[in-house]
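Down below is the structure, laid out as structure tokens.
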Amino acid sequence: MTTHDYDALIIGAGLGGLTTAALLAKQGLRVCILEKNQHLGGYAVNYESHGHRFDVATQALGGCGEGGIIQNILGELELLDRIRFLPCEPARLYHFPDDDDPFIQHGFLHAQRDMLCAMYPGFADEIHACYKVFGDIFAELQEIGAASGNPVFGFSRNFPTLARYSRFTVQEFFAELQLPQGLQVRIGARSGYCMLPLSKLSLVAFACTEMSYAGGAWMVAGGVSRLVDLLASFIENHRGRVVKRCRVGKLLFDGGEVVGVQTSQGETLKAARTILAADAQAILARSGAGCGPLLAKYQTMTRSGSYLVGYYQVPAHCVQDMQANIEVRLAAQALAGKRKIEVYYLLIPSLVDKTSAPEGFHSLCISLPLADESAPDKHARHLLREALEQLVVARYPRLKDNLKFLFELGPEHFSLMTGNTNGSAYGWAQTVGQSGIHRLGNNPRINGLYLAGHWTMPGGGIAGVMTSGKLCAQTVLAGG
Ligand SMILES: Cc1cc2nc3c(=O)[nH]c(=O)nc-3n(C[C@H](O)[C@H](O)[C@H](O)COP(=O)(O)OP(=O)(O)OC[C@H]3O[C@@H](n4cnc5c(N)ncnc54)[C@H](O)[C@@H]3O)c2cc1C
């Protein structure tokens with residue numbers, strides 16, 4: 001019989017792994033979370049430069065409003081009074097190529113829905129039907145994730161919306177409702193968060209993203225690291241261990257069961273359950289035949305794209321009357337070398353959290369989604385940055401000569417930061433075949449092994465990975 005050092009070992013201290021570990025520790029399990037970096041949080045990290053504090057990979061969080069998943073998890077851990085969320089209202093302002101007026105996306109779903117009904121009065125029923133389906137998908141998916149039994153039995157009876165729509169793209173759903181093109185673009189505005197066009201994006205994935213923002217878009221006051229630190233200290237205060245600078249090399253098997261891990265330094269740690277909360281392809285590849293089917297599945301799946309983000313200082317007076325979160329879709333593609341720019345994001349987080357910029361200045365990020373392309377090299381990055389700055393200045397002339405470049409991060413930096421292959425921002429791409437019930441679940445059917453984070457259901461984004469952490473903890477506790 002194997003003796004265990006821990007009840008649960010968690011690999012990767014991103015918000016998916018930290019949530020799983022904290023919820024298990026709360027239930028009395030002795031947990032240990034292993035993180036390859038000196039910093040915790042994975043993508044959820046702050047960088048400081050010239051007195052500015054940037055949340056480098058979180059623009060806006062869903063699930064922080066009343067009844068939202070992050071609120072619920074922090075409530076369960078009795079941590080709610082230790083953190084403050086700041087609302088981003090409006091959630092985002094969009095410049096669409098076919099419209100001179102910007103489209104303002106309200107933070108709250110009901111306000112958004114009412115505004116769309118006022119814009120398209122002849123389609124009010126369809127708009128309500130649309131959000132009803134989003135809500136039902138979201139609710140059924142949470143339920144299915146928490147079901148420890150085999151949901152295949154009675155699936156269409158118990159999960160009718162998922163049974164009906166699991167194979168739909170967003171575009172197919174909108175076509176079924178016969179929504180006019182302009183309304184499709186506006187209801188589907190958040191597709192950019194999923195880095196896929198409506199024609200490729202899974203309806204289930206989009207519905208989950210949309211519903212996770214139903215209670216508003218938020219930032220963590222003082223920076224997203226506060227949320228990370230709060231969970232890490234909770235774990236340590238509940239007999240858990242948080243080990244930094246510890247890279248896991250492979251899983252250890254005993255008679256077909258995962259019994260722990262070996263670190264890259266050769267240390268062996270044993271546990272009754274091991275939870276992979278990171279891009280696990282390299283670990284699985286080193287772990288032998290027991291992982292064969294899971295590794296084979298990994299190798300057939302496609303990862304989401306990444307971003308190129310430039311971080312800047314601007315004088316406060318240049319941006320005072322702007323919105324904090326802006327998406328610009330270009331009428332004609334701009335070219336930077338061989339690369340095309342069709343859309344970019346302009347973020348001014350210090351308009352929401354003033355403490356993130358020094359007196360007299362604001363922090364600004366220009367962000368370019370890199371959907372399926374290979375990572376741009378240094379020269380290509382330089383061309384892209386120049387082209388993006390020109391586009392931004394053409395739209396906001398008062399920024400001319402006022403953008404002070406601080407630093408930039410691209411796919412290779414994001415990859416180094418987290419081990420996510422190609423700096424994938426959201427785990428598996430949210431196509432129909434990789435979303436909802438088709439995404440990896442928490443239980444990969446290898447004894448002793450569980451999964452969490454943005455590679456698992458429901459998928460990327462902070463609210464998504466914290467949901468996955470909660471579902472994973474439930475699965476472990478149910479012995480599933
Ligand atoms: C530029 C950018 C912008 C984004 N914007 C938003 C946003 O506005 N809102 C939002 O909700 N989401 C956003 N996201 C997505 C969000 O940040 C991620 O989906 C989420 O943080 C992923 O969390 P995770 O816990 O699954 O994994 P990660 O954050 O990737 O954490 C995995 C952890 O595992 C560790 N690890 C990896 N391999 C090993 C190993 N072998 N041994 C030990 N440790 C290991 C890593 O170092 C890392 O700490 C953005 C992402 C990017 C890149």
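Ordered as shown in the structure tokens, chains take letters A, B, and onward, while each chain numbers its residues from 1 and ligands are numbered from 1 in the order shown.
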Exercise. Skipping near chain neighbours, those fewer than 4 positions away, what residues fall within 12 Å of A:Tyr298 using only C-alpha atoms, listed as a VMD selection string?
Worked result: chain A and resid 279 to 285 291 to 294 302 to 303 421 427 to 428 434 439 to 440 444 455 to 456
Problem set entry | Residues near A:Ser264, cut-off 7 Å, only C-alpha atoms, skip fewer than 2 positions along chain, as a ChimeraX atom specification | /A:247-249,262,266
Dump as a PDB file, in the first residue's frame, selection limited to all heavy atoms:
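Result file follows (selection_11.pdb):
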```pdb
ATOM      1  N   ARG A 247       8.927  22.750 -10.311  1.00  0.00           N
ATOM      2  CA  ARG A 247       8.342  22.331 -11.588  1.00  0.00           C
ATOM      3  C   ARG A 247       8.094  20.817 -11.556  1.00  0.00           C
ATOM      4  O   ARG A 247       9.002  20.043 -11.239  1.00  0.00           O
ATOM      5  CB  ARG A 247       9.317  22.652 -12.726  1.00  0.00           C
ATOM      6  CG  ARG A 247       8.786  22.296 -14.111  1.00  0.00           C
ATOM      7  CD  ARG A 247       9.864  22.499 -15.152  1.00  0.00           C
ATOM      8  NE  ARG A 247      10.172  23.899 -15.361  1.00  0.00           N
ATOM      9  CZ  ARG A 247       9.531  24.689 -16.212  1.00  0.00           C
ATOM     10  NH1 ARG A 247       8.557  24.206 -16.949  1.00  0.00           N
ATOM     11  NH2 ARG A 247       9.880  25.950 -16.340  1.00  0.00           N
ATOM     12  N   VAL A 248       6.883  20.434 -11.888  1.00  0.00           N
ATOM     13  CA  VAL A 248       6.570  18.999 -11.920  1.00  0.00           C
ATOM     14  C   VAL A 248       7.023  18.429 -13.257  1.00  0.00           C
ATOM     15  O   VAL A 248       6.736  19.005 -14.320  1.00  0.00           O
ATOM     16  CB  VAL A 248       5.055  18.779 -11.699  1.00  0.00           C
ATOM     17  CG1 VAL A 248       4.663  17.344 -12.026  1.00  0.00           C
ATOM     18  CG2 VAL A 248       4.704  19.119 -10.258  1.00  0.00           C
ATOM     19  N   GLY A 249       7.739  17.322 -13.197  1.00  0.00           N
ATOM     20  CA  GLY A 249       8.241  16.688 -14.420  1.00  0.00           C
ATOM     21  C   GLY A 249       7.278  15.641 -14.947  1.00  0.00           C
ATOM     22  O   GLY A 249       6.921  15.631 -16.117  1.00  0.00           O
ATOM     23  N   GLN A 262       6.790  13.412  -9.763  1.00  0.00           N
ATOM     24  CA  GLN A 262       8.225  13.626  -9.582  1.00  0.00           C
ATOM     25  C   GLN A 262       8.532  15.023 -10.104  1.00  0.00           C
ATOM     26  O   GLN A 262       8.076  15.401 -11.191  1.00  0.00           O
ATOM     27  CB  GLN A 262       9.021  12.604 -10.374  1.00  0.00           C
ATOM     28  CG  GLN A 262      10.498  12.636 -10.033  1.00  0.00           C
ATOM     29  CD  GLN A 262      11.254  11.559 -10.792  1.00  0.00           C
ATOM     30  OE1 GLN A 262      11.405  11.651 -11.990  1.00  0.00           O
ATOM     31  NE2 GLN A 262      11.701  10.546 -10.080  1.00  0.00           N
ATOM     32  N   GLY A 266      13.863  15.958  -9.282  1.00  0.00           N
ATOM     33  CA  GLY A 266      13.956  14.544  -8.924  1.00  0.00           C
ATOM     34  C   GLY A 266      13.279  14.183  -7.613  1.00  0.00           C
ATOM     35  O   GLY A 266      13.304  13.031  -7.190  1.00  0.00           O
TER      36      GLY A 266
END
```
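Of the residues under consideration (A:His454, A:Lys250, A:Arg92, A:Arg226), A:His454 shows the shortest atom-to-atom contact distance to ligand 1 when counting only C-alpha atoms and all ligand atoms.
Take atom CA of A:Ser304 and atom CA of A:Cys194: the distance between them is 8.1 Å.
The closest residue to ligand 1, picked from A:Ser199, A:Thr58, A:Asn443, A:Asn46 and counting only C-alpha atoms and all ligand atoms, is A:Thr58.
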For this session: Please provide as a PyMOL selection string all residues within 10 Å of A:Val476, with the sequence filter that same-chain residues fewer than 6 positions apart are discarded (counting only C-alpha atoms).
Result: chain A and resi 8+20+24+148+273-275+442-443+448-450+470
What would the file look like if the residues just selected were written as a compact mmCIF listing (two decimals), in the first residue's frame with N, CA and C atoms?
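out-v1.txt, written as the output of this step:
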```txt
# COMPACT_ATOMS: atom_id res chain seq x y z
N ALA A 8 -4.15 15.68 -1.39
CA ALA A 8 -4.23 16.14 -2.78
C ALA A 8 -3.03 17.01 -3.14
N THR A 20 -9.17 25.22 -6.60
CA THR A 20 -9.35 23.80 -6.24
C THR A 20 -8.72 23.54 -4.87
N LEU A 24 -10.60 22.40 -1.35
CA LEU A 24 -10.30 21.10 -0.73
C LEU A 24 -9.75 21.30 0.68
N SER A 148 -21.75 13.87 -10.36
CA SER A 148 -20.65 12.91 -10.28
C SER A 148 -20.97 11.60 -11.00
N ARG A 273 -4.66 11.95 -4.38
CA ARG A 273 -5.17 12.48 -5.67
C ARG A 273 -4.18 13.50 -6.19
N THR A 274 -4.05 13.55 -7.51
CA THR A 274 -3.20 14.55 -8.15
C THR A 274 -4.07 15.33 -9.13
N ILE A 275 -3.95 16.65 -9.06
CA ILE A 275 -4.80 17.50 -9.91
C ILE A 275 -3.91 18.33 -10.82
N ASN A 442 -13.41 17.29 -15.40
CA ASN A 442 -12.45 17.23 -14.29
C ASN A 442 -11.92 15.83 -14.05
N ASN A 443 -12.68 14.84 -14.52
CA ASN A 443 -12.29 13.46 -14.26
C ASN A 443 -11.89 12.77 -15.56
N GLY A 448 -7.00 8.35 -9.54
CA GLY A 448 -6.11 9.23 -8.78
C GLY A 448 -5.81 10.55 -9.47
N LEU A 449 -6.29 10.73 -10.73
CA LEU A 449 -5.95 11.95 -11.47
C LEU A 449 -7.20 12.79 -11.76
N TYR A 450 -7.05 14.11 -11.62
CA TYR A 450 -8.14 15.06 -11.90
C TYR A 450 -7.55 16.24 -12.67
N LYS A 470 -13.95 24.86 -8.75
CA LYS A 470 -15.04 24.45 -7.85
C LYS A 470 -15.57 23.07 -8.28
```
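Residue-level DSSP output for stretch 73-189 of chain A, from the backbone, shows strand (DSSP E or B) at Phe85, Leu86, Pro87, Cys88, Arg92, Leu93, Tyr94, His95, Phe103, Ile104, Gln105, Phe108 and Thr169 of chain A.
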For this session: May I have the residues within 7 Å of ligand 1, computed using only C-alpha atoms and all ligand atoms, as JSON, numbers by chain?
Result: {"A": [11, 12, 13, 14, 15, 16, 17, 34, 35, 36, 37, 40, 41, 42, 43, 44, 56, 57, 58, 59, 60, 61, 62, 246, 247, 248, 249, 277, 278, 279, 280, 283, 306, 307, 309, 414, 417, 418, 419, 420, 423, 424, 425, 426, 427, 452, 453, 454, 455, 460, 461, 462, 463, 465]}
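In this comparison, which uses only C-alpha atoms, the residue of A:Ala324, A:Ile187, A:Ala371, A:Ala207 approaching A:Thr169 most closely is A:Ala207.
Atom to atom, atom CA of A:Gly441 and atom CA of A:Phe206 stand 17.8 Å apart.
Nearest to A:Lys200 of all the residues A:Ala331, A:Leu79, A:Val170, A:Leu251 is A:Val170, counting only C-alpha atoms.
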For this session: Please identify all polymer residues within 10 Å of A:Ile235, counting only C-alpha atoms, omitting same-chain residues fewer than 6 positions from it, and present them as a count of residues only.
Result: 15
Exercise. Would you give me, as a PyMOL selection string, the residues in stretch 233-293 of chain A that DSSP reads as helix (DSSP H, G or I)?
Worked result: chain A and resi 233-237+281-286+289-293
Exercise. Expressed in Å to a single decimal, how great is the separation between atom CA of A:Leu162 and atom CA of A:Glu126?
Worked result: 18.9 Å
Problem set entry | Option closest in space to A:Leu29, from A:Pro180, A:Gly469, A:Gly67, A:Gly240 [counting only C-alpha atoms] | A:Gly240
